[in-house]
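S.K.: Next up, my_file18.cif (mmCIF, C-alpha atoms).
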```
data_protein
#
loop_
_atom_site.label_atom_id
_atom_site.label_comp_id
_atom_site.auth_asym_id
_atom_site.auth_seq_id
_atom_site.Cartn_x
_atom_site.Cartn_y
_atom_site.Cartn_z
CA MET D 4 63.84 6.56 29.81
CA ASN D 5 67.00 6.35 31.87
CA ASP D 6 67.23 2.82 33.28
CA ASN D 7 70.51 3.17 35.14
CA TRP D 8 68.74 2.51 38.43
CA LEU D 9 67.88 -0.98 37.16
CA ASN D 10 71.57 -1.71 36.64
CA LYS D 11 72.21 -1.17 40.35
CA VAL D 12 70.27 -4.35 41.17
CA ASN D 13 72.35 -7.51 41.55
CA TRP D 14 70.17 -9.79 39.46
CA GLY D 15 70.74 -13.47 40.24
CA LYS D 16 72.12 -16.02 37.79
CA ASP D 17 68.55 -16.66 36.65
CA GLY D 18 67.98 -12.90 36.25
CA LEU D 19 65.71 -12.78 39.30
CA VAL D 20 65.67 -11.30 42.79
CA PRO D 21 63.21 -11.94 45.62
CA ALA D 22 60.63 -9.17 46.06
CA VAL D 23 58.78 -8.63 49.34
CA ALA D 24 55.42 -6.82 49.34
CA GLN D 25 54.63 -5.21 52.68
CA GLU D 26 51.27 -3.58 53.37
CA ALA D 27 51.68 0.12 54.16
CA SER D 28 48.65 0.37 56.46
CA SER D 29 49.26 -2.73 58.58
CA GLY D 30 52.98 -3.46 58.19
CA ARG D 31 52.04 -7.05 57.30
CA VAL D 32 54.27 -8.95 54.89
CA LEU D 33 51.76 -10.04 52.25
CA THR D 34 53.71 -11.85 49.54
CA VAL D 35 57.22 -12.75 48.56
CA ALA D 36 57.72 -13.56 44.89
CA TRP D 37 60.32 -12.92 42.20
CA MET D 38 61.12 -10.03 39.91
CA ASN D 39 63.27 -9.80 36.83
CA ARG D 40 64.37 -6.52 35.28
CA GLU D 41 61.19 -6.16 33.26
CA ALA D 42 58.96 -6.87 36.26
CA LEU D 43 60.68 -4.24 38.41
CA LYS D 44 60.57 -1.71 35.60
CA LYS D 45 56.85 -2.32 35.03
CA THR D 46 56.22 -2.15 38.79
CA VAL D 47 57.80 1.29 38.98
CA GLU D 48 56.38 2.63 35.72
CA THR D 49 52.80 1.49 36.24
CA GLY D 50 52.62 1.88 40.02
CA GLU D 51 51.27 -1.67 40.33
CA VAL D 52 53.39 -4.65 41.38
CA HIS D 53 54.53 -7.03 38.66
CA TYR D 54 56.39 -10.26 39.40
CA TRP D 55 58.03 -12.89 37.26
CA SER D 56 56.11 -16.14 37.62
CA ARG D 57 58.62 -18.99 37.77
CA SER D 58 55.88 -21.61 37.43
CA ARG D 59 54.28 -20.00 34.37
CA ASN D 60 57.56 -18.54 33.10
CA LYS D 61 55.98 -15.20 32.29
CA LEU D 62 55.48 -11.68 33.55
CA TRP D 63 52.75 -11.62 36.16
CA HIS D 64 50.75 -8.49 36.86
CA LYS D 65 49.68 -9.30 40.43
CA GLY D 66 45.88 -9.15 40.60
CA GLU D 67 45.39 -9.36 36.84
CA GLU D 68 42.71 -12.05 37.29
CA SER D 69 41.48 -11.43 40.82
CA GLY D 70 41.53 -7.64 40.78
CA HIS D 71 43.66 -7.80 43.93
CA VAL D 72 46.41 -5.57 42.60
CA GLN D 73 49.14 -4.14 44.80
CA LYS D 74 49.52 -0.35 44.45
CA VAL D 75 53.10 0.82 44.92
CA ARG D 76 53.86 3.31 47.69
CA SER D 77 57.65 3.00 47.76
CA VAL D 78 60.39 0.71 46.49
CA ARG D 79 63.50 -0.20 48.45
CA LEU D 80 66.65 -2.22 47.81
CA ASP D 81 68.74 -3.93 50.47
CA CYS D 82 72.42 -3.53 51.32
CA ASP D 83 73.51 -6.34 48.99
CA GLU D 84 71.26 -4.91 46.28
CA ASP D 85 69.72 -8.30 45.62
CA VAL D 86 66.34 -8.07 47.35
CA VAL D 87 63.52 -5.60 46.62
CA LEU D 88 61.01 -4.42 49.23
CA VAL D 89 57.83 -2.80 47.95
CA GLU D 90 55.50 -0.95 50.27
CA VAL D 91 51.99 -1.45 48.89
CA GLU D 92 48.32 -0.80 49.26
CA GLN D 93 46.61 -4.17 48.82
CA ILE D 94 43.43 -3.68 46.81
CA GLY D 95 40.60 -5.88 48.09
CA GLY D 96 42.52 -6.67 51.28
CA ILE D 97 43.43 -10.10 49.92
CA ALA D 98 46.94 -10.87 48.71
CA CYS D 99 46.84 -14.67 48.71
CA HIS D 100 45.37 -16.93 46.04
CA THR D 101 43.82 -18.96 48.90
CA GLY D 102 41.59 -15.96 49.70
CA ARG D 103 43.55 -14.90 52.79
CA HIS D 104 44.90 -11.46 53.63
CA SER D 105 48.54 -12.55 53.63
CA CYS D 106 50.32 -15.49 52.03
CA PHE D 107 52.08 -16.14 55.36
CA PHE D 108 49.20 -17.86 57.09
CA ASN D 109 51.06 -21.01 58.20
CA ARG D 110 52.58 -20.63 61.67
CA LEU D 111 54.92 -23.13 63.30
CA GLU D 112 53.40 -24.38 66.54
CA PRO D 113 53.97 -27.18 69.01
CA ASP D 114 52.24 -30.36 67.89
CA PRO D 115 50.13 -31.68 70.78
CA ALA D 116 50.29 -35.17 69.31
CA GLY D 117 54.01 -34.99 68.60
CA GLY D 118 55.42 -35.11 72.09
CA VAL D 119 57.78 -32.60 73.58
CA ALA D 120 59.79 -31.87 70.44
CA GLY D 121 57.04 -32.17 67.82
CA ARG D 122 56.07 -29.18 65.74
CA GLN D 123 53.55 -28.52 62.99
CA TRP D 124 52.51 -25.77 60.61
CA VAL D 125 49.04 -24.47 61.42
CA ALA D 126 46.94 -22.21 59.16
CA VAL D 127 46.15 -19.36 61.55
CA GLU D 128 44.45 -16.87 59.23
CA PRO D 129 40.88 -17.00 57.98
CA VAL D 130 39.89 -17.38 54.34
CA LEU D 131 38.19 -14.05 53.65
CA ARG D 132 36.76 -15.02 50.28
CA ASP D 133 36.37 -18.35 48.49
CA PRO D 134 38.99 -18.62 45.74
CA LYS D 135 36.30 -20.06 43.46
CA GLU D 136 34.55 -16.69 43.70
CA ILE D 137 37.75 -14.72 43.30
CA TYR D 138 38.90 -16.45 40.14
CA ARG D 139 35.67 -17.21 38.30
CA LYS D 140 35.47 -15.51 34.96
CA MET S 4 63.37 -35.05 67.38
CA ASN S 5 60.52 -35.24 64.90
CA ASP S 6 61.52 -33.22 61.84
CA ASN S 7 58.44 -33.79 59.71
CA TRP S 8 57.69 -30.08 59.79
CA LEU S 9 60.93 -29.47 57.88
CA ASN S 10 59.72 -31.75 55.09
CA LYS S 11 56.75 -29.47 54.49
CA VAL S 12 59.08 -26.77 53.15
CA ASN S 13 59.54 -26.69 49.37
CA TRP S 14 63.31 -26.32 49.35
CA GLY S 15 64.63 -24.92 46.08
CA LYS S 16 66.89 -26.78 43.67
CA ASP S 17 69.86 -25.42 45.61
CA GLY S 18 68.26 -26.55 48.88
CA LEU S 19 67.49 -22.97 49.90
CA VAL S 20 64.47 -20.76 50.49
CA PRO S 21 64.35 -16.99 51.07
CA ALA S 22 63.85 -16.03 54.72
CA VAL S 23 62.46 -12.65 55.76
CA ALA S 24 63.20 -11.28 59.24
CA GLN S 25 60.60 -8.78 60.42
CA GLU S 26 60.99 -6.84 63.66
CA ALA S 27 58.16 -7.62 66.08
CA SER S 28 58.16 -4.22 67.79
CA SER S 29 58.30 -2.00 64.69
CA GLY S 30 57.00 -4.20 61.88
CA ARG S 31 60.11 -3.23 59.89
CA VAL S 32 61.54 -5.75 57.44
CA LEU S 33 65.14 -5.99 58.62
CA THR S 34 66.85 -8.60 56.47
CA VAL S 35 66.13 -11.08 53.73
CA ALA S 36 68.63 -13.90 53.40
CA TRP S 37 68.59 -17.64 52.71
CA MET S 38 67.95 -20.73 54.78
CA ASN S 39 68.62 -24.37 54.12
CA ARG S 40 67.15 -27.18 56.17
CA GLU S 41 69.88 -27.01 58.78
CA ALA S 42 69.58 -23.23 59.14
CA LEU S 43 65.81 -23.38 59.71
CA LYS S 44 66.19 -26.26 62.17
CA LYS S 45 68.86 -24.35 64.13
CA THR S 46 66.73 -21.20 64.04
CA VAL S 47 63.81 -23.01 65.64
CA GLU S 48 65.83 -25.09 68.09
CA THR S 49 68.06 -22.29 69.37
CA GLY S 50 65.55 -19.44 69.16
CA GLU S 51 68.11 -17.34 67.26
CA VAL S 52 68.03 -16.84 63.49
CA HIS S 53 70.49 -18.83 61.41
CA TYR S 54 70.90 -18.33 57.67
CA TRP S 55 72.88 -20.09 54.97
CA SER S 56 75.53 -17.72 53.66
CA ARG S 57 75.74 -18.15 49.90
CA SER S 58 78.89 -16.03 49.67
CA ARG S 59 80.75 -17.94 52.39
CA ASN S 60 78.98 -21.23 51.67
CA LYS S 61 78.41 -21.98 55.33
CA LEU S 62 75.87 -21.83 58.11
CA TRP S 63 75.63 -18.29 59.45
CA HIS S 64 74.44 -17.58 62.97
CA LYS S 65 73.24 -14.02 62.43
CA GLY S 66 75.05 -11.76 64.91
CA GLU S 67 77.78 -14.26 65.67
CA GLU S 68 80.44 -11.56 65.23
CA SER S 69 78.53 -8.35 65.90
CA GLY S 70 76.37 -9.59 68.76
CA HIS S 71 73.36 -8.37 66.79
CA VAL S 72 71.46 -11.62 66.98
CA GLN S 73 67.82 -11.97 65.98
CA LYS S 74 65.68 -13.62 68.68
CA VAL S 75 62.83 -15.67 67.25
CA ARG S 76 59.26 -14.77 68.22
CA SER S 77 57.40 -16.78 65.57
CA VAL S 78 58.06 -18.61 62.32
CA ARG S 79 55.70 -18.62 59.35
CA LEU S 80 55.61 -20.28 55.94
CA ASP S 81 53.81 -18.94 52.89
CA CYS S 82 51.10 -20.52 50.75
CA ASP S 83 53.60 -22.05 48.31
CA GLU S 84 55.66 -23.27 51.25
CA ASP S 85 58.83 -21.84 49.75
CA VAL S 86 59.41 -18.66 51.77
CA VAL S 87 59.95 -18.35 55.53
CA LEU S 88 58.94 -15.30 57.58
CA VAL S 89 60.51 -14.96 61.02
CA GLU S 90 59.22 -12.42 63.51
CA VAL S 91 62.21 -11.32 65.55
CA GLU S 92 63.55 -9.14 68.29
CA GLN S 93 66.66 -7.45 66.88
CA ILE S 94 69.31 -7.32 69.58
CA GLY S 95 71.26 -4.04 69.48
CA GLY S 96 68.69 -2.48 67.15
CA ILE S 97 71.03 -2.98 64.19
CA ALA S 98 70.36 -5.67 61.60
CA CYS S 99 72.60 -4.45 58.77
CA HIS S 100 76.35 -4.93 58.41
CA THR S 101 76.52 -1.25 57.37
CA GLY S 102 75.48 -0.29 60.92
CA ARG S 103 71.91 0.60 59.99
CA HIS S 104 68.70 -0.58 61.63
CA SER S 105 67.40 -2.33 58.50
CA CYS S 106 69.15 -3.65 55.41
CA PHE S 107 66.49 -1.94 53.26
CA PHE S 108 67.91 1.56 53.49
CA ASN S 109 68.03 2.33 49.73
CA ARG S 110 64.84 3.97 48.50
CA LEU S 111 64.02 4.64 44.87
CA GLU S 112 63.50 8.36 44.33
CA PRO S 113 63.25 10.76 41.42
CA ASP S 114 66.70 11.87 40.25
CA PRO S 115 66.79 15.66 40.10
CA ALA S 116 69.64 15.49 37.61
CA GLY S 117 68.03 12.79 35.51
CA GLY S 118 65.19 14.67 33.95
CA VAL S 119 61.55 13.73 34.15
CA ALA S 120 62.00 9.97 33.96
CA GLY S 121 65.25 9.63 35.92
CA ARG S 122 65.33 7.69 39.14
CA GLN S 123 68.02 6.84 41.67
CA TRP S 124 68.49 4.76 44.81
CA VAL S 125 69.07 6.98 47.85
CA ALA S 126 70.30 5.77 51.25
CA VAL S 127 67.58 7.16 53.52
CA GLU S 128 68.51 5.60 56.86
CA PRO S 129 71.26 6.74 59.22
CA VAL S 130 74.29 4.65 60.16
CA LEU S 131 73.72 4.07 63.86
CA ARG S 132 77.13 2.62 64.58
CA ASP S 133 80.36 2.51 62.59
CA PRO S 134 80.87 -1.01 61.19
CA LYS S 135 84.56 -0.75 62.17
CA GLU S 136 83.40 -0.60 65.78
CA ILE S 137 80.82 -3.33 65.34
CA TYR S 138 83.20 -5.86 63.84
CA ARG S 139 86.49 -5.16 65.58
CA LYS S 140 87.73 -8.07 67.60
#
```
Represent the structure of the file as structure tokens.
M.R.:
Amino acid sequence: MNDNWLNKVNWGKDGLVPAVAQEASSGRVLTVAWMNREALKKTVETGEVHYWSRSRNKLWHKGEESGHVQKVRSVRLDCDEDVVLVEVEQIGGIACHTGRHSCFFNRLEPDPAGGVAGRQWVAVEPVLRDPKEIYRK
Amino acid sequence: MNDNWLNKVNWGKDGLVPAVAQEASSGRVLTVAWMNREALKKTVETGEVHYWSRSRNKLWHKGEESGHVQKVRSVRLDCDEDVVLVEVEQIGGIACHTGRHSCFFNRLEPDPAGGVAGRQWVAVEPVLRDPKEIYRK
């Protein structure tokens, strides 16, 4: 296997780059996580998105527990070659561990109690499935 | 000004989080760069996207030289509170310093010269305007 294409990526000091998963059907940005060389290689070779989990310090096959895998449609690299964009089909329609469609469910809104300049993050997307159901063995 | 909403963000060890700019009209992911606390605050207060430039080590008002500013439509935060997603209107229709619409113009494709397993990054988006014209003073 010729891995020259992996050498084109400007891996950070920690060996990671941010990876954005965008849903092909809706255009929604679902998740942003991290990939190392192995994660990107596995993503391309298997056709399912793999990240590097910084909290667990291990390769993370997205959906390995929940079944909510992300099927790869295309892979892109930005002009600085240090961010990956993956166009995906989100199996189960749920990308977030909270049971929501997208991880970006917090929207910045004016805070009615905060006066003119107050702002607050508001969860604006419904929980589609209880995480307790998603992650039970 | 009440800045409590800025404290909700899980700033990284370097004080930064990745920030994704997505075009409201097209759904295209245009740029991914970095924000620190000041950049996010300026983004929200001015209504134009500000990043932290890691290469120049300074606040970067996107479009300050080119005029290709990103007007803020909405700001979101992900479930881990460590990635920002900004929905923008891209002034001039060009987000990338190469003169392309989006920074994600490199697509991974099979390499005809690389045999069965070869792959290569191919620039699949046109240059809409010569960078020499964009950045001349």
S.K.: Since I can't run it myself right now, could you work out what the PyMOL selection byres ((chain S and resi 49) around 12) selects here and report it as a ChimeraX atom specification?
M.R.: /S:41-48,50-53,64-65,72-76
S.K.: Go through the shown structure with the PyMOL selection byres ((chain S) within 6 of (chain D)) and write out the matching residues as a PyMOL selection string.
M.R.: chain S and resi 4-5+8+30+78-82+106-107+109-111+120-121+123
S.K.: I need the residue nearest Gln93 (chain D) from this list: D:Leu62, D:Val130, D:Ala27, D:Leu19. Use all atoms listed in the file for the distance.
M.R.: D:Ala27
S.K.: Evaluate the PyMOL selection byres ((chain D and resi 134) around 8) on the structure here and hand back the selected residues as a list in words.
M.R.: His100, Thr101, Gly102, Arg132, Asp133, Lys135, Glu136, Ile137 and Tyr138 of chain D
S.K.: So what do you get for CA of His71 (chain D) versus CA of Gly95 (chain D), distance-wise?
M.R.: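 Interatomic distance, CA of His71 (chain D) to CA of Gly95 (chain D): 5.5 Å.
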S.K.: Which residue, S:Met38, S:Glu26, S:Asn13, S:Val20, has the smallest gap to Glu92 (chain S) when you use only C-alpha atoms?
M.R.: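 For Glu92 (chain S), the nearest of the candidates is S:Glu26.
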S.K.: Can you tell me how far CA of Trp55 (chain S) sits from CA of Asp17 (chain S), in Å to one decimal?
M.R.: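 One can read the CA of Trp55 (chain S) to CA of Asp17 (chain S) distance as 11.2 Å.
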S.K.: Looking at D:Gly18, D:Pro115, D:Pro129, D:Gly96, which one is nearest to Gly66 (chain D), with distances taken over all atoms listed in the file?
M.R.: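 Among the listed residues, D:Gly96 lies closest to Gly66 (chain D).
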S.K.: Quote the spacing between CA of Gly70 (chain S) and CA of Arg57 (chain S) in Å to one decimal place.
M.R.: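 Interatomic distance here is 20.7 Å.
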S.K.: Kindly provide, as lines of an AutoDock Vina configuration file, the centre and edge lengths (Å, one decimal) of an axis-aligned box around all atoms of region 124-128 of chain D given in the file, with 8 Å on each side.
M.R.:
```
center_x = 48.5
center_y = -21.3
center_z = 60.4
size_x = 24.1
size_y = 24.9
size_z = 18.4
```
